[in-house]
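Asks: Got coords37.pdb for you, PDB, C-alpha atoms and all ligand atoms:
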ATOM      1  CA  MET M 665      34.215  15.626  73.260  1.00  0.00           C
ATOM      2  CA  SER M 666      30.552  14.886  73.716  1.00  0.00           C
ATOM      3  CA  LEU M 667      28.332  12.753  75.863  1.00  0.00           C
ATOM      4  CA  LEU M 668      26.408  10.153  73.899  1.00  0.00           C
ATOM      5  CA  ASN M 669      22.884   8.943  74.616  1.00  0.00           C
ATOM      6  CA  ILE M 670      22.811   5.412  76.070  1.00  0.00           C
ATOM      7  CA  LEU M 671      20.044   3.183  74.697  1.00  0.00           C
ATOM      8  CA  VAL M 672      17.927   1.342  77.255  1.00  0.00           C
ATOM      9  CA  ALA M 673      16.362  -2.112  76.755  1.00  0.00           C
ATOM     10  CA  PRO M 674      14.075  -3.117  75.259  1.00  0.00           C
ATOM     11  CA  ASP M 675      15.392  -1.308  72.171  1.00  0.00           C
ATOM     12  CA  PRO M 676      15.703  -3.253  68.901  1.00  0.00           C
ATOM     13  CA  ARG M 677      19.073  -1.593  68.181  1.00  0.00           C
ATOM     14  CA  LEU M 678      20.571  -3.423  71.175  1.00  0.00           C
ATOM     15  CA  LYS M 679      19.722  -6.751  69.494  1.00  0.00           C
ATOM     16  CA  ASN M 680      21.510  -6.065  66.200  1.00  0.00           C
ATOM     17  CA  LYS M 681      24.885  -7.516  65.232  1.00  0.00           C
ATOM     18  CA  ALA M 682      27.646  -4.922  64.998  1.00  0.00           C
ATOM     19  CA  LEU M 683      29.741  -4.631  61.821  1.00  0.00           C
ATOM     20  CA  PRO M 684      33.539  -4.886  61.717  1.00  0.00           C
ATOM     21  CA  VAL M 685      35.446  -1.596  61.626  1.00  0.00           C
ATOM     22  CA  GLU M 686      37.166  -1.281  58.240  1.00  0.00           C
ATOM     23  CA  LYS M 687      39.190   1.882  58.815  1.00  0.00           C
ATOM     24  CA  VAL M 688      40.840   2.979  62.041  1.00  0.00           C
ATOM     25  CA  ASP M 689      40.723   6.714  61.376  1.00  0.00           C
ATOM     26  CA  SER M 690      40.163  10.044  63.153  1.00  0.00           C
ATOM     27  CA  ALA M 691      36.368   9.654  63.065  1.00  0.00           C
ATOM     28  CA  LEU M 692      36.724   6.345  64.913  1.00  0.00           C
ATOM     29  CA  SER M 693      39.119   7.956  67.394  1.00  0.00           C
ATOM     30  CA  ARG M 694      36.509  10.648  68.052  1.00  0.00           C
ATOM     31  CA  LEU M 695      33.842   7.968  68.660  1.00  0.00           C
ATOM     32  CA  ILE M 696      36.170   6.222  71.142  1.00  0.00           C
ATOM     33  CA  ASP M 697      36.839   9.505  73.025  1.00  0.00           C
ATOM     34  CA  ASP M 698      33.091  10.138  73.235  1.00  0.00           C
ATOM     35  CA  MET M 699      32.493   6.561  74.436  1.00  0.00           C
ATOM     36  CA  PHE M 700      35.075   6.984  77.231  1.00  0.00           C
ATOM     37  CA  GLU M 701      33.521  10.286  78.288  1.00  0.00           C
ATOM     38  CA  THR M 702      30.051   8.686  78.296  1.00  0.00           C
ATOM     39  CA  MET M 703      31.261   5.599  80.216  1.00  0.00           C
ATOM     40  CA  TYR M 704      33.069   7.612  82.936  1.00  0.00           C
ATOM     41  CA  GLN M 705      30.150  10.006  83.320  1.00  0.00           C
ATOM     42  CA  ALA M 706      27.559   7.185  83.679  1.00  0.00           C
ATOM     43  CA  PRO M 707      29.574   5.855  85.585  1.00  0.00           C
ATOM     44  CA  GLY M 708      30.369   2.443  84.146  1.00  0.00           C
ATOM     45  CA  ILE M 709      33.371   0.140  83.727  1.00  0.00           C
ATOM     46  CA  GLY M 710      32.646  -0.750  80.098  1.00  0.00           C
ATOM     47  CA  LEU M 711      30.668   0.448  77.093  1.00  0.00           C
ATOM     48  CA  ALA M 712      30.004  -1.046  73.658  1.00  0.00           C
ATOM     49  CA  ALA M 713      29.264   1.076  70.571  1.00  0.00           C
ATOM     50  CA  PRO M 714      25.798  -0.502  70.016  1.00  0.00           C
ATOM     51  CA  GLN M 715      24.765   0.939  73.406  1.00  0.00           C
ATOM     52  CA  VAL M 716      25.179   4.423  71.936  1.00  0.00           C
ATOM     53  CA  GLY M 717      23.411   3.507  68.699  1.00  0.00           C
ATOM     54  CA  VAL M 718      26.549   2.777  66.648  1.00  0.00           C
ATOM     55  CA  ALA M 719      26.496  -0.719  65.073  1.00  0.00           C
ATOM     56  CA  LYS M 720      30.292  -1.114  64.964  1.00  0.00           C
ATOM     57  CA  LYS M 721      32.645  -3.539  66.709  1.00  0.00           C
ATOM     58  CA  VAL M 722      34.137  -1.112  69.216  1.00  0.00           C
ATOM     59  CA  ILE M 723      34.273  -1.410  72.998  1.00  0.00           C
ATOM     60  CA  VAL M 724      35.888   0.574  75.798  1.00  0.00           C
ATOM     61  CA  VAL M 725      36.649  -0.697  79.305  1.00  0.00           C
ATOM     62  CA  ASP M 726      38.280   0.597  82.489  1.00  0.00           C
ATOM     63  CA  THR M 727      38.054  -1.615  85.564  1.00  0.00           C
ATOM     64  CA  ALA M 728      40.363   0.504  87.757  1.00  0.00           C
ATOM     65  CA  LYS M 729      38.847   1.150  91.197  1.00  0.00           C
ATOM     66  CA  LYS M 730      37.984   4.631  92.464  1.00  0.00           C
ATOM     67  CA  GLY M 731      41.118   6.434  93.588  1.00  0.00           C
ATOM     68  CA  GLU M 732      43.324   4.161  91.462  1.00  0.00           C
ATOM     69  CA  GLU M 733      44.960   5.342  88.266  1.00  0.00           C
ATOM     70  CA  ALA M 734      42.622   5.058  85.244  1.00  0.00           C
ATOM     71  CA  GLN M 735      43.258   2.123  82.875  1.00  0.00           C
ATOM     72  CA  PRO M 736      41.369   3.072  79.712  1.00  0.00           C
ATOM     73  CA  MET M 737      41.339   0.336  77.048  1.00  0.00           C
ATOM     74  CA  ALA M 738      39.737   0.648  73.617  1.00  0.00           C
ATOM     75  CA  LEU M 739      39.270  -2.563  71.640  1.00  0.00           C
ATOM     76  CA  ILE M 740      38.400  -2.482  67.932  1.00  0.00           C
ATOM     77  CA  ASN M 741      37.089  -5.646  66.221  1.00  0.00           C
ATOM     78  CA  PRO M 742      37.567  -7.749  69.378  1.00  0.00           C
ATOM     79  CA  GLU M 743      37.274 -11.514  68.974  1.00  0.00           C
ATOM     80  CA  ILE M 744      37.394 -14.216  71.602  1.00  0.00           C
ATOM     81  CA  LEU M 745      40.264 -16.638  70.936  1.00  0.00           C
ATOM     82  CA  TRP M 746      39.866 -18.789  74.027  1.00  0.00           C
ATOM     83  CA  LEU M 747      37.624 -19.230  77.055  1.00  0.00           C
ATOM     84  CA  SER M 748      38.617 -21.222  80.153  1.00  0.00           C
ATOM     85  CA  GLU M 749      36.739 -24.333  81.234  1.00  0.00           C
ATOM     86  CA  GLU M 750      36.735 -22.916  84.744  1.00  0.00           C
ATOM     87  CA  THR M 751      33.830 -20.549  85.422  1.00  0.00           C
ATOM     88  CA  SER M 752      33.198 -17.692  87.830  1.00  0.00           C
ATOM     89  CA  SER M 753      30.100 -15.793  88.904  1.00  0.00           C
ATOM     90  CA  TYR M 754      29.767 -12.003  89.130  1.00  0.00           C
ATOM     91  CA  GLU M 755      26.841  -9.775  89.925  1.00  0.00           C
ATOM     92  CA  GLU M 756      26.450  -7.952  86.607  1.00  0.00           C
ATOM     93  CA  GLY M 757      24.769  -4.712  85.718  1.00  0.00           C
ATOM     94  CA  CYS M 758      24.430  -2.913  82.401  1.00  0.00           C
ATOM     95  CA  LEU M 759      23.999   0.738  81.516  1.00  0.00           C
ATOM     96  CA  SER M 760      21.337  -0.415  79.028  1.00  0.00           C
ATOM     97  CA  VAL M 761      19.488  -2.332  81.788  1.00  0.00           C
ATOM     98  CA  PRO M 762      19.510   0.371  84.484  1.00  0.00           C
ATOM     99  CA  GLU M 763      18.891  -0.502  88.128  1.00  0.00           C
ATOM    100  CA  HIS M 764      18.823  -4.275  87.623  1.00  0.00           C
ATOM    101  CA  TYR M 765      21.590  -6.636  88.758  1.00  0.00           C
ATOM    102  CA  ALA M 766      21.981 -10.402  88.611  1.00  0.00           C
ATOM    103  CA  GLU M 767      24.622 -13.084  89.080  1.00  0.00           C
ATOM    104  CA  VAL M 768      25.911 -14.409  85.748  1.00  0.00           C
ATOM    105  CA  ILE M 769      28.184 -17.446  85.412  1.00  0.00           C
ATOM    106  CA  ARG M 770      30.805 -17.112  82.655  1.00  0.00           C
ATOM    107  CA  PRO M 771      34.195 -18.610  81.829  1.00  0.00           C
ATOM    108  CA  ALA M 772      36.668 -17.295  84.422  1.00  0.00           C
ATOM    109  CA  ARG M 773      39.389 -16.399  81.899  1.00  0.00           C
ATOM    110  CA  VAL M 774      39.382 -15.161  78.331  1.00  0.00           C
ATOM    111  CA  ARG M 775      41.886 -14.430  75.572  1.00  0.00           C
ATOM    112  CA  VAL M 776      40.873 -11.688  73.116  1.00  0.00           C
ATOM    113  CA  ARG M 777      42.434 -10.471  69.858  1.00  0.00           C
ATOM    114  CA  TYR M 778      41.661  -6.875  68.854  1.00  0.00           C
ATOM    115  CA  GLN M 779      43.032  -3.776  67.153  1.00  0.00           C
ATOM    116  CA  ASP M 780      44.132  -0.800  69.229  1.00  0.00           C
ATOM    117  CA  ARG M 781      43.545   2.863  68.351  1.00  0.00           C
ATOM    118  CA  GLN M 782      46.600   2.761  66.089  1.00  0.00           C
ATOM    119  CA  GLY M 783      45.138  -0.194  64.193  1.00  0.00           C
ATOM    120  CA  GLU M 784      47.804  -2.542  65.595  1.00  0.00           C
ATOM    121  CA  ILE M 785      46.683  -6.124  66.271  1.00  0.00           C
ATOM    122  CA  ARG M 786      47.021  -7.035  69.947  1.00  0.00           C
ATOM    123  CA  GLU M 787      46.014  -9.831  72.298  1.00  0.00           C
ATOM    124  CA  ILE M 788      45.031  -9.715  75.940  1.00  0.00           C
ATOM    125  CA  GLU M 789      44.394 -12.489  78.448  1.00  0.00           C
ATOM    126  CA  ALA M 790      42.200 -11.493  81.370  1.00  0.00           C
ATOM    127  CA  ASP M 791      40.744 -12.964  84.524  1.00  0.00           C
ATOM    128  CA  GLY M 792      38.556 -11.616  87.315  1.00  0.00           C
ATOM    129  CA  LEU M 793      36.365  -8.587  86.699  1.00  0.00           C
ATOM    130  CA  LEU M 794      38.161  -7.606  83.467  1.00  0.00           C
ATOM    131  CA  SER M 795      37.392 -11.044  81.982  1.00  0.00           C
ATOM    132  CA  THR M 796      33.704 -10.662  82.858  1.00  0.00           C
ATOM    133  CA  VAL M 797      33.496  -7.129  81.466  1.00  0.00           C
ATOM    134  CA  LEU M 798      35.274  -8.075  78.211  1.00  0.00           C
ATOM    135  CA  GLN M 799      32.808 -10.956  77.700  1.00  0.00           C
ATOM    136  CA  HIS M 800      29.861  -8.674  78.611  1.00  0.00           C
ATOM    137  CA  GLU M 801      30.999  -6.009  76.097  1.00  0.00           C
ATOM    138  CA  ILE M 802      31.744  -8.492  73.304  1.00  0.00           C
ATOM    139  CA  ASP M 803      28.242  -9.940  73.861  1.00  0.00           C
ATOM    140  CA  HIS M 804      26.812  -6.458  73.102  1.00  0.00           C
ATOM    141  CA  LEU M 805      28.464  -6.678  69.649  1.00  0.00           C
ATOM    142  CA  SER M 806      26.319  -9.711  68.833  1.00  0.00           C
ATOM    143  CA  GLY M 807      23.149  -8.209  70.274  1.00  0.00           C
ATOM    144  CA  LYS M 808      23.331 -10.080  73.564  1.00  0.00           C
ATOM    145  CA  LEU M 809      22.578  -8.636  77.012  1.00  0.00           C
ATOM    146  CA  PHE M 810      23.326 -10.161  80.436  1.00  0.00           C
ATOM    147  CA  VAL M 811      19.581 -10.676  80.960  1.00  0.00           C
ATOM    148  CA  ASP M 812      19.716 -13.230  78.114  1.00  0.00           C
ATOM    149  CA  TYR M 813      21.554 -15.542  80.571  1.00  0.00           C
ATOM    150  CA  LEU M 814      18.684 -15.363  83.076  1.00  0.00           C
ATOM    151  CA  SER M 815      15.515 -17.433  83.102  1.00  0.00           C
ATOM    152  CA  ALA M 816      12.777 -16.265  80.734  1.00  0.00           C
ATOM    153  CA  LEU M 817      10.764 -15.380  83.827  1.00  0.00           C
ATOM    154  CA  LYS M 818      13.423 -13.070  85.332  1.00  0.00           C
ATOM    155  CA  ARG M 819      14.283 -11.552  81.942  1.00  0.00           C
ATOM    156  CA  GLY M 820      10.612 -10.866  81.221  1.00  0.00           C
ATOM    157  CA  MET M 821      10.127  -9.184  84.595  1.00  0.00           C
ATOM    158  CA  ILE M 822      13.108  -6.881  84.043  1.00  0.00           C
ATOM    159  CA  LEU M 823      12.256  -5.985  80.432  1.00  0.00           C
ATOM    160  CA  ARG M 824       8.602  -5.301  81.250  1.00  0.00           C
ATOM    161  CA  LYS M 825       9.640  -2.960  84.075  1.00  0.00           C
ATOM    162  CA  LEU M 826      12.026  -1.069  81.783  1.00  0.00           C
ATOM    163  CA  GLU M 827       9.370  -0.809  79.055  1.00  0.00           C
ATOM    164  CA  LYS M 828       6.845   0.514  81.544  1.00  0.00           C
ATOM    165  CA  ALA M 829       9.353   3.102  82.845  1.00  0.00           C
ATOM    166  CA  LYS M 830       9.954   4.308  79.259  1.00  0.00           C
ATOM    167  CA  LYS M 831       6.243   4.790  78.656  1.00  0.00           C
ATOM    168  CA  GLN M 832       5.884   6.687  81.938  1.00  0.00           C
ATOM    169  CA  ALA M 833       8.780   8.956  80.907  1.00  0.00           C
ATOM    170  CA  VAL M 834       7.085   9.768  77.598  1.00  0.00           C
ATOM    171  CA  ARG M 835       3.852  10.729  79.379  1.00  0.00           C
ATOM    172  CA  GLY M 836       5.867  12.843  81.806  1.00  0.00           C
TER     173      GLY M 836
HETATM  174  O1  LIG N 901      29.343  -0.615  84.376  1.00  0.00           O
HETATM  175  C1  LIG N 901      29.179  -1.836  84.200  1.00  0.00           C
HETATM  176  N1  LIG N 901      29.437  -2.693  85.229  1.00  0.00           N
HETATM  177  C2  LIG N 901      29.486  -4.064  85.078  1.00  0.00           C
HETATM  178  C3  LIG N 901      29.494  -4.835  86.224  1.00  0.00           C
HETATM  179  C4  LIG N 901      29.571  -6.214  86.147  1.00  0.00           C
HETATM  180  C5  LIG N 901      29.633  -6.824  84.910  1.00  0.00           C
HETATM  181  C6  LIG N 901      29.601  -6.071  83.749  1.00  0.00           C
HETATM  182  C7  LIG N 901      29.529  -4.689  83.833  1.00  0.00           C
HETATM  183  S1  LIG N 901      29.540  -3.745  82.385  1.00  0.00           S
HETATM  184  C8  LIG N 901      28.665  -2.339  82.911  1.00  0.00           C
HETATM  185  C9  LIG N 901      28.631  -1.273  81.823  1.00  0.00           C
HETATM  186  C10 LIG N 901      27.931  -1.791  80.600  1.00  0.00           C
HETATM  187  O2  LIG N 901      26.738  -1.896  80.498  1.00  0.00           O
HETATM  188  N2  LIG N 901      28.689  -2.193  79.616  1.00  0.00           N
HETATM  189  O3  LIG N 901      28.134  -2.719  78.509  1.00  0.00           O
HETATM  190 NI    NI N 902      26.270  -3.605  79.150  1.00  0.00          NI
END
When written as structure tokens, how does the structure in this file appear?
Replies:
Amino acid sequence: MSLLNILVAPDPRLKNKALPVEKVDSALSRLIDDMFETMYQAPGIGLAAPQVGVAKKVIVVDTAKKGEEAQPMALINPEILWLSEETSSYEEGCLSVPEHYAEVIRPARVRVRYQDRQGEIREIEADGLLSTVLQHEIDHLSGKLFVDYLSALKRGMILRKLEKAKKQAVRG
């Protein structure tokens, strides 16, 4: 297994649309293992392939709390079938937007169709934190970040700070 490099905004690769996975094979399984390792090490509760520079429709999530048994879920080609009218607000963060957090209002519940690691088609209905994280990860597959839900003013402030930090890192 290997740790993958997580892209940080603003990076044009985070804005691209991911492509559907055509073959659920051992190479894809390896990518999923590496994504789990990278997510747990970060640590994070979700990770989408575009965040590690892979433009494919693959996400991993685990919303189990510390001390609880892990609940790793890999979703291939996830698609939203249904969103509730009811909304809920969570303070979101993103491994590609480090050290910035903001409340985002989203549908409270979601139903998602996806393929599992065996290529079997499955459906899941989620609420609470899992619903938020699934929507956050599926957004990554269409090049969307949580900051895109904020005002242009807030988004601009965050992205300018991240850009500045990148330039400082290059200068050392
Ligand atoms: O680790 C993460 N925590 C989180 C908290 C609230 C809402 C969404 C998330 S996802 C984030 C990891 C990440 O960036 N996934 O794309
Ligand atoms: Ni994210």
Asks: Output the neighbourhood of ligand NI 902 (chain N) as a PyMOL selection string, that is, all protein and nucleic acid residues with some atom at most 6 Å from the ligand, counting only C-alpha atoms and all ligand atoms.
Replies: chain M and resi 758-760
Asks: What do you get as a compact mmCIF listing (two decimals) with C-alpha atoms, in the coordinates of the input if you pick all residues at most 10 Å from ligand LIG 901 (chain N), counting all atoms listed in the file?
Replies:
# COMPACT_ATOMS: atom_id res chain seq x y z
CA ILE M 670 22.81 5.41 76.07
CA VAL M 672 17.93 1.34 77.26
CA MET M 703 31.26 5.60 80.22
CA TYR M 704 33.07 7.61 82.94
CA ALA M 706 27.56 7.18 83.68
CA PRO M 707 29.57 5.86 85.58
CA GLY M 708 30.37 2.44 84.15
CA ILE M 709 33.37 0.14 83.73
CA GLY M 710 32.65 -0.75 80.10
CA LEU M 711 30.67 0.45 77.09
CA ALA M 712 30.00 -1.05 73.66
CA ALA M 713 29.26 1.08 70.57
CA PRO M 714 25.80 -0.50 70.02
CA GLN M 715 24.76 0.94 73.41
CA ILE M 723 34.27 -1.41 73.00
CA VAL M 724 35.89 0.57 75.80
CA VAL M 725 36.65 -0.70 79.31
CA ASP M 726 38.28 0.60 82.49
CA THR M 727 38.05 -1.62 85.56
CA SER M 753 30.10 -15.79 88.90
CA TYR M 754 29.77 -12.00 89.13
CA GLU M 755 26.84 -9.78 89.92
CA GLU M 756 26.45 -7.95 86.61
CA GLY M 757 24.77 -4.71 85.72
CA CYS M 758 24.43 -2.91 82.40
CA LEU M 759 24.00 0.74 81.52
CA SER M 760 21.34 -0.42 79.03
CA VAL M 761 19.49 -2.33 81.79
CA PRO M 762 19.51 0.37 84.48
CA TYR M 765 21.59 -6.64 88.76
CA ALA M 766 21.98 -10.40 88.61
CA GLU M 767 24.62 -13.08 89.08
CA VAL M 768 25.91 -14.41 85.75
CA LEU M 793 36.36 -8.59 86.70
CA LEU M 794 38.16 -7.61 83.47
CA SER M 795 37.39 -11.04 81.98
CA THR M 796 33.70 -10.66 82.86
CA VAL M 797 33.50 -7.13 81.47
CA LEU M 798 35.27 -8.07 78.21
CA GLN M 799 32.81 -10.96 77.70
CA HIS M 800 29.86 -8.67 78.61
CA GLU M 801 31.00 -6.01 76.10
CA ILE M 802 31.74 -8.49 73.30
CA ASP M 803 28.24 -9.94 73.86
CA HIS M 804 26.81 -6.46 73.10
CA LEU M 805 28.46 -6.68 69.65
CA LEU M 809 22.58 -8.64 77.01
CA PHE M 810 23.33 -10.16 80.44
Asks: Might I get the box with edges along x, y and z of the file that holds all atoms of range 761-769 of chain M listed there, padded by 5 Å on every side, given as centre and edge lengths in Å to one decimal, as AutoDock Vina command-line options?
Replies:
--center_x 23.5 --center_y -8.5 --center_z 85.4 --size_x 19.4 --size_y 27.8 --size_z 17.3
Asks: Name the residues that the PyMOL selection byres (((chain M and resi 751) around 10) and not hetatm) picks from the file above, as a list in words, using the file's chain letters and numbers.
Replies: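 What the PyMOL selection byres (((chain M and resi 751) around 10) and not hetatm) grabs from the file is Leu747, Ser748, Glu749, Glu750, Ser752, Ser753, Ile769, Arg770, Pro771, Ala772 and Arg773 of chain M.
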Asks: Rank M:Tyr813, M:Phe700, M:Trp746, M:Tyr778 by their smallest atom-to-atom distance to Pro684 in chain M, using all atoms listed in the file, and report the top residue only.
Replies: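 Of the candidates, the smallest distance to Pro684 in chain M is held by M:Tyr778.
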Asks: Care to translate the PyMOL selection byres (((chain M and resi 688-698) around 6) and not hetatm) into actual residues of this file, as an NGL selection string?
Replies: :M and (665-666 or 687 or 699-701 or 783)
Asks: Based on the selection just made, write C-alpha atoms of those residues as a short mmCIF file (atom, residue, chain, number, x, y, z; two decimals), keeping the file's coordinate frame.
Replies:
data_model
loop_
_atom_site.label_atom_id
_atom_site.label_comp_id
_atom_site.auth_asym_id
_atom_site.auth_seq_id
_atom_site.Cartn_x
_atom_site.Cartn_y
_atom_site.Cartn_z
CA MET M 665 34.22 15.63 73.26
CA SER M 666 30.55 14.89 73.72
CA LYS M 687 39.19 1.88 58.82
CA MET M 699 32.49 6.56 74.44
CA PHE M 700 35.08 6.98 77.23
CA GLU M 701 33.52 10.29 78.29
CA GLY M 783 45.14 -0.19 64.19
#
Asks: Could you name the residues that touch Arg777 in chain M at 8 Å or less, counting all atoms listed in the file, but leaving out those on the same chain fewer than 5 positions away, as a list in words?
Replies: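 Near neighbours after the sequence-gap exclusion: Pro742, Glu743, Ile744, Leu745, Ile785, Arg786, Glu787 and Ile788 of chain M.
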Asks: Find the distance between CA of His764 in chain M and CA of Ile822 in chain M and write it in Å to one decimal.
Replies: 7.2 Å
Asks: Between CA of Lys681 in chain M and CA of Ser806 in chain M, what distance in Å does the model show, to one decimal?
Replies: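 Going from CA of Lys681 in chain M over to CA of Ser806 in chain M covers 4.5 Å.
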Asks: Could you tell me which of M:Leu683, M:Asp812, M:Ala738, M:Lys828 comes closest to Arg781 in chain M if we count all atoms listed in the file?
Replies: M:Ala738
